[in-house]
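Structure data follow from work_20.pdb (PDB, C-alpha atoms, pLDDT in the B column):
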```
ATOM      1  CA  MET A 250     -15.742  31.869   5.284  1.00 74.00           C
ATOM      2  CA  ALA A 251     -13.063  29.356   6.267  1.00 82.00           C
ATOM      3  CA  THR A 252     -10.494  28.198   3.730  1.00 91.00           C
ATOM      4  CA  SER A 253     -10.150  24.450   3.279  1.00 93.00           C
ATOM      5  CA  GLY A 254      -6.978  22.829   4.545  1.00 90.00           C
ATOM      6  CA  SER A 255      -7.246  20.030   1.973  1.00 94.00           C
ATOM      7  CA  ILE A 256      -4.046  18.865   0.285  1.00 94.00           C
ATOM      8  CA  LEU A 257      -3.626  17.857  -3.351  1.00 94.00           C
ATOM      9  CA  GLY A 258      -2.418  14.253  -3.597  1.00 94.00           C
ATOM     10  CA  GLN A 259      -0.274  14.833  -6.702  1.00 95.00           C
ATOM     11  CA  GLY A 260       3.406  14.367  -5.868  1.00 95.00           C
ATOM     12  CA  THR A 261       2.910  11.472  -3.438  1.00 97.00           C
ATOM     13  CA  GLN A 262       5.767   8.980  -3.770  1.00 98.00           C
ATOM     14  CA  LEU A 263       6.037   5.252  -3.075  1.00 98.00           C
ATOM     15  CA  LYS A 264       9.516   4.182  -1.990  1.00 98.00           C
ATOM     16  CA  MET A 265      10.978   0.693  -1.592  1.00 98.00           C
ATOM     17  CA  GLY A 266      13.740  -0.063   0.907  1.00 98.00           C
ATOM     18  CA  ASP A 267      16.821  -2.091  -0.012  1.00 95.00           C
ATOM     19  CA  GLY A 268      17.150  -3.908   3.326  1.00 94.00           C
ATOM     20  CA  GLN A 269      20.678  -2.615   3.913  1.00 95.00           C
ATOM     21  CA  SER A 270      22.012  -0.765   6.937  1.00 95.00           C
ATOM     22  CA  PRO A 271      21.654   2.137   6.636  1.00 96.00           C
ATOM     23  CA  GLU A 272      18.636   1.542   4.460  1.00 97.00           C
ATOM     24  CA  ASN A 273      18.269   3.344   1.148  1.00 97.00           C
ATOM     25  CA  PHE A 274      14.864   3.912  -0.422  1.00 98.00           C
ATOM     26  CA  THR A 275      14.188   4.040  -4.157  1.00 98.00           C
ATOM     27  CA  THR A 276      11.135   5.830  -5.575  1.00 98.00           C
ATOM     28  CA  ILE A 277       8.947   3.586  -7.745  1.00 98.00           C
ATOM     29  CA  ALA A 278       8.713   5.245 -11.178  1.00 98.00           C
ATOM     30  CA  GLU A 279       5.497   6.556 -12.725  1.00 98.00           C
ATOM     31  CA  VAL A 280       2.953   5.702 -10.044  1.00 98.00           C
ATOM     32  CA  THR A 281      -0.390   6.995 -11.315  1.00 97.00           C
ATOM     33  CA  ASN A 282      -2.774   6.035  -8.490  1.00 97.00           C
ATOM     34  CA  LEU A 283      -1.928   5.073  -4.934  1.00 98.00           C
ATOM     35  CA  ASP A 284      -4.267   3.754  -2.263  1.00 97.00           C
ATOM     36  CA  PRO A 285      -2.662   3.576   1.195  1.00 97.00           C
ATOM     37  CA  PRO A 286      -3.735   0.615   3.330  1.00 97.00           C
ATOM     38  CA  SER A 287      -7.278   0.418   4.585  1.00 94.00           C
ATOM     39  CA  LEU A 288      -7.005  -0.586   8.243  1.00 94.00           C
ATOM     40  CA  ASN A 289      -9.726  -2.924   9.447  1.00 96.00           C
ATOM     41  CA  ARG A 290     -10.437  -5.432  12.164  1.00 96.00           C
ATOM     42  CA  ASP A 291     -12.280  -8.690  12.691  1.00 97.00           C
ATOM     43  CA  ASP A 292     -15.690  -8.713  14.346  1.00 97.00           C
ATOM     44  CA  LEU A 293     -16.066 -11.362  17.048  1.00 98.00           C
ATOM     45  CA  ASP A 294     -19.647 -12.561  17.347  1.00 97.00           C
ATOM     46  CA  VAL A 295     -20.335 -13.040  21.063  1.00 97.00           C
ATOM     47  CA  THR A 296     -24.105 -13.503  20.699  1.00 97.00           C
ATOM     48  CA  ASN A 297     -25.475 -15.948  23.244  1.00 96.00           C
ATOM     49  CA  HIS A 298     -28.763 -17.155  24.683  1.00 95.00           C
ATOM     50  CA  ASP A 299     -28.732 -14.259  27.158  1.00 93.00           C
ATOM     51  CA  SER A 300     -28.485 -11.636  24.356  1.00 92.00           C
ATOM     52  CA  THR A 301     -31.515  -9.373  24.449  1.00 86.00           C
ATOM     53  CA  LEU A 302     -33.812  -7.629  21.987  1.00 91.00           C
ATOM     54  CA  GLY A 303     -32.992 -10.005  19.129  1.00 91.00           C
ATOM     55  CA  TYR A 304     -29.664  -8.335  18.291  1.00 94.00           C
ATOM     56  CA  ARG A 305     -26.335 -10.012  17.798  1.00 96.00           C
ATOM     57  CA  GLU A 306     -23.498  -8.833  20.051  1.00 96.00           C
ATOM     58  CA  PHE A 307     -19.959  -8.158  18.902  1.00 97.00           C
ATOM     59  CA  LYS A 308     -16.528  -7.400  20.308  1.00 97.00           C
ATOM     60  CA  PRO A 309     -13.583  -6.022  18.362  1.00 98.00           C
ATOM     61  CA  GLY A 310     -11.141  -8.671  17.144  1.00 98.00           C
ATOM     62  CA  LEU A 311      -7.656  -8.557  15.690  1.00 97.00           C
ATOM     63  CA  ARG A 312      -6.638  -5.668  13.464  1.00 97.00           C
ATOM     64  CA  ASN A 313      -5.574  -6.175   9.848  1.00 97.00           C
ATOM     65  CA  PRO A 314      -2.902  -3.800   8.466  1.00 97.00           C
ATOM     66  CA  GLY A 315      -4.439  -4.009   4.983  1.00 97.00           C
ATOM     67  CA  GLU A 316      -2.879  -3.609   1.560  1.00 98.00           C
ATOM     68  CA  VAL A 317      -1.370  -0.864  -0.558  1.00 98.00           C
ATOM     69  CA  GLY A 318      -2.820  -0.805  -4.059  1.00 98.00           C
ATOM     70  CA  PHE A 319      -1.246   1.237  -6.822  1.00 98.00           C
ATOM     71  CA  SER A 320      -1.064   1.582 -10.581  1.00 98.00           C
ATOM     72  CA  ILE A 321       1.970   2.397 -12.699  1.00 98.00           C
ATOM     73  CA  ASN A 322       2.711   3.328 -16.273  1.00 98.00           C
ATOM     74  CA  TRP A 323       4.534   0.030 -16.752  1.00 98.00           C
ATOM     75  CA  MET A 324       7.973   0.163 -18.311  1.00 97.00           C
ATOM     76  CA  PRO A 325       9.158  -3.478 -18.368  1.00 97.00           C
ATOM     77  CA  LYS A 326      12.866  -2.540 -18.484  1.00 97.00           C
ATOM     78  CA  ASN A 327      12.726   0.197 -15.819  1.00 97.00           C
ATOM     79  CA  SER A 328      14.867  -0.688 -12.803  1.00 97.00           C
ATOM     80  CA  THR A 329      11.960  -0.140 -10.403  1.00 98.00           C
ATOM     81  CA  HIS A 330       9.574  -2.308 -12.456  1.00 98.00           C
ATOM     82  CA  ASP A 331      11.725  -5.109 -13.944  1.00 97.00           C
ATOM     83  CA  GLN A 332      12.657  -8.670 -12.919  1.00 95.00           C
ATOM     84  CA  THR A 333      16.236  -7.723 -12.030  1.00 95.00           C
ATOM     85  CA  SER A 334      15.733  -5.134  -9.294  1.00 95.00           C
ATOM     86  CA  GLY A 335      12.127  -3.937  -9.487  1.00 96.00           C
ATOM     87  CA  LEU A 336       8.586  -4.904  -8.584  1.00 98.00           C
ATOM     88  CA  LEU A 337       8.599  -8.113 -10.634  1.00 97.00           C
ATOM     89  CA  ARG A 338      11.725  -9.241  -8.783  1.00 97.00           C
ATOM     90  CA  GLU A 339      10.032  -8.465  -5.480  1.00 97.00           C
ATOM     91  CA  PHE A 340       7.081 -10.612  -6.502  1.00 97.00           C
ATOM     92  CA  GLU A 341       9.428 -13.537  -7.237  1.00 96.00           C
ATOM     93  CA  LEU A 342      11.511 -13.133  -4.052  1.00 95.00           C
ATOM     94  CA  ASP A 343       8.686 -13.123  -1.482  1.00 92.00           C
ATOM     95  CA  THR A 344      10.760 -10.672   0.567  1.00 94.00           C
ATOM     96  CA  ILE A 345       9.155  -8.566   3.258  1.00 97.00           C
ATOM     97  CA  ARG A 346      10.541  -5.064   2.663  1.00 97.00           C
ATOM     98  CA  ASN A 347      10.291  -1.657   4.245  1.00 98.00           C
ATOM     99  CA  TRP A 348       8.180   0.728   2.171  1.00 98.00           C
ATOM    100  CA  LYS A 349       7.364   4.411   2.523  1.00 98.00           C
ATOM    101  CA  ILE A 350       4.493   6.441   1.193  1.00 98.00           C
ATOM    102  CA  VAL A 351       5.760  10.005   1.184  1.00 98.00           C
ATOM    103  CA  PHE A 352       2.877  12.425   0.909  1.00 97.00           C
ATOM    104  CA  PRO A 353       3.281  15.844  -0.769  1.00 95.00           C
ATOM    105  CA  PRO A 354       5.329  18.450   1.147  1.00 93.00           C
ATOM    106  CA  ALA A 355       2.173  20.303   2.239  1.00 92.00           C
ATOM    107  CA  ALA A 356       1.081  17.178   4.151  1.00 94.00           C
ATOM    108  CA  ASN A 357       4.437  16.848   5.916  1.00 96.00           C
ATOM    109  CA  ALA A 358       3.747  13.140   6.524  1.00 97.00           C
ATOM    110  CA  THR A 359       5.196   9.740   5.653  1.00 98.00           C
ATOM    111  CA  LEU A 360       3.526   6.347   6.124  1.00 98.00           C
ATOM    112  CA  ASN A 361       6.130   3.705   6.991  1.00 98.00           C
ATOM    113  CA  LEU A 362       5.203   0.065   6.511  1.00 98.00           C
ATOM    114  CA  LYS A 363       6.493  -3.454   5.924  1.00 98.00           C
ATOM    115  CA  GLY A 364       5.106  -5.725   3.264  1.00 98.00           C
ATOM    116  CA  TYR A 365       5.613  -7.910   0.213  1.00 98.00           C
ATOM    117  CA  VAL A 366       4.442  -7.664  -3.383  1.00 98.00           C
ATOM    118  CA  ARG A 367       1.367  -9.904  -3.445  1.00 98.00           C
ATOM    119  CA  GLU A 368       0.051  -9.086  -6.895  1.00 98.00           C
ATOM    120  CA  PHE A 369       1.352  -7.693 -10.191  1.00 98.00           C
ATOM    121  CA  THR A 370      -1.197  -7.380 -13.003  1.00 98.00           C
ATOM    122  CA  PRO A 371       0.036  -5.915 -16.313  1.00 98.00           C
ATOM    123  CA  HIS A 372      -2.322  -4.383 -18.879  1.00 98.00           C
ATOM    124  CA  ALA A 373      -1.589  -3.869 -22.601  1.00 97.00           C
ATOM    125  CA  PRO A 374      -4.561  -2.050 -24.163  1.00 96.00           C
ATOM    126  CA  THR A 375      -4.627  -1.327 -27.880  1.00 97.00           C
ATOM    127  CA  ASP A 376      -5.540   2.311 -27.338  1.00 97.00           C
ATOM    128  CA  ASN A 377      -3.408   3.346 -24.376  1.00 97.00           C
ATOM    129  CA  VAL A 378      -0.034   2.880 -22.653  1.00 97.00           C
ATOM    130  CA  LEU A 379       1.183  -0.243 -20.860  1.00 98.00           C
ATOM    131  CA  THR A 380       0.108  -0.168 -17.224  1.00 98.00           C
ATOM    132  CA  ALA A 381       0.201  -2.499 -14.241  1.00 98.00           C
ATOM    133  CA  ASP A 382      -1.750  -2.769 -11.014  1.00 98.00           C
ATOM    134  CA  VAL A 383       0.283  -3.795  -7.990  1.00 98.00           C
ATOM    135  CA  VAL A 384      -0.701  -4.848  -4.475  1.00 98.00           C
ATOM    136  CA  ILE A 385       1.586  -4.842  -1.457  1.00 98.00           C
ATOM    137  CA  LYS A 386       0.331  -6.923   1.476  1.00 98.00           C
ATOM    138  CA  VAL A 387       1.167  -5.008   4.641  1.00 98.00           C
ATOM    139  CA  THR A 388       2.561  -7.389   7.276  1.00 98.00           C
ATOM    140  CA  GLU A 389       2.395  -5.288  10.443  1.00 97.00           C
ATOM    141  CA  ARG A 390       1.069  -2.031  11.847  1.00 97.00           C
ATOM    142  CA  PRO A 391       1.875   0.952   9.557  1.00 98.00           C
ATOM    143  CA  VAL A 392       3.306   4.016  11.300  1.00 97.00           C
ATOM    144  CA  LEU A 393       2.546   7.584  10.252  1.00 97.00           C
ATOM    145  CA  SER A 394       5.393  10.009  10.917  1.00 96.00           C
TER     146      SER A 394
END
```

Please go through the file and, once you have read it, give me the structure as structure tokens.
Amino acid sequence: MATSGSILGQGTQLKMGDGQSPENFTTIAEVTNLDPPSLNRDDLDVTNHDSTLGYREFKPGLRNPGEVGFSINWMPKNSTHDQTSGLLREFELDTIRNWKIVFPPAANATLNLKGYVREFTPHAPTDNVLTADVVIKVTERPVLS
């Protein structure tokens, strides 16, 4: 019987670039869930009066680089979360940054992308820790290295 080559996702890191040369990347603290971008494309409807069998016809349109969605254990004064140097600052600045998703060592892969913080949604439940959901809008083709 073959052994699965699956890789545990625990240990994946999200890193934000500082825009300097050479660029330094800082790991975002306490990421609990991370969804890399879902690549998709537009569908171009090319159905016409010559289309047969009553089916619409489509061609592939432009690709969309998607979004990165992630959750954090939110620490409002943490330097990677706060309004001085963290995610809240990035939301206010509208800066397109370099980001990296560094997968666990067994994967030996990094997803490099550019994007801006589009959404920051904090949560303060009575029966659990402070959390926040964050969305980075990817602005161009991500590259897996």

>> What does the structure give for the distance between CA of Asn377 in chain A and CA of Ile321 in chain A, in Å to one decimal?
In response: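 Atom-to-atom, CA of Asn377 in chain A to CA of Ile321 in chain A, that is 12.9 Å.
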
> What does the PyMOL selection byres ((chain A and resi 288-292) around 8) select in this file, as JSON, numbers by chain?
Replying inline: {"A": [286, 287, 293, 294, 307, 308, 309, 310, 311, 312, 313, 314, 315]}

Using C-alpha atoms, can you write the selected residues to a file as a short mmCIF file (atom, residue, chain, number, x, y, z; two decimals), in the coordinates of the input?
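File written: result_4.cif
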```cif
data_model
loop_
_atom_site.label_atom_id
_atom_site.label_comp_id
_atom_site.auth_asym_id
_atom_site.auth_seq_id
_atom_site.Cartn_x
_atom_site.Cartn_y
_atom_site.Cartn_z
CA PRO A 286 -3.74 0.62 3.33
CA SER A 287 -7.28 0.42 4.58
CA LEU A 293 -16.07 -11.36 17.05
CA ASP A 294 -19.65 -12.56 17.35
CA PHE A 307 -19.96 -8.16 18.90
CA LYS A 308 -16.53 -7.40 20.31
CA PRO A 309 -13.58 -6.02 18.36
CA GLY A 310 -11.14 -8.67 17.14
CA LEU A 311 -7.66 -8.56 15.69
CA ARG A 312 -6.64 -5.67 13.46
CA ASN A 313 -5.57 -6.18 9.85
CA PRO A 314 -2.90 -3.80 8.47
CA GLY A 315 -4.44 -4.01 4.98
#
```

> Applied to the shown file, which residues does the PyMOL selection byres ((chain A and resi 355) around 10) return, written as a list in words?
Replying inline: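 Expected selection for the PyMOL selection byres ((chain A and resi 355) around 10) here is Gly254, Ser255, Ile256, Leu257, Gly258, Phe352, Pro353, Pro354, Ala356, Asn357 and Ala358 of chain A.
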
>> Suppose a student applies the PyMOL selection byres ((chain A and resi 340) around 12) to this structure; what residues should they get, written as a list in words?
In response: His330, Asp331, Gln332, Thr333, Ser334, Gly335, Leu336, Leu337, Arg338, Glu339, Glu341, Leu342, Asp343, Thr344, Ile345, Arg346, Gly364, Tyr365, Val366, Arg367, Glu368, Phe369, Thr370, Val383, Val384, Ile385 and Lys386 of chain A

Around all the atoms of range 293-302 of chain A listed in the file, draw an axis-aligned box and extend it by 6 Å on each of the six sides; I want its centre and edge lengths in Å to one decimal, as AutoDock Vina command-line options.
```
--center_x -24.9 --center_y -12.4 --center_z 22.1 --size_x 29.7 --size_y 21.5 --size_z 22.1
```

> Nearest to Thr359 in chain A: which of A:Ser270, A:Asn282, A:Ser394, A:Thr329 is it, counting all atoms listed in the file?
Replying inline: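 Going through A:Ser270, A:Asn282, A:Ser394, A:Thr329 one by one, the smallest distance to Thr359 in chain A is for A:Ser394.
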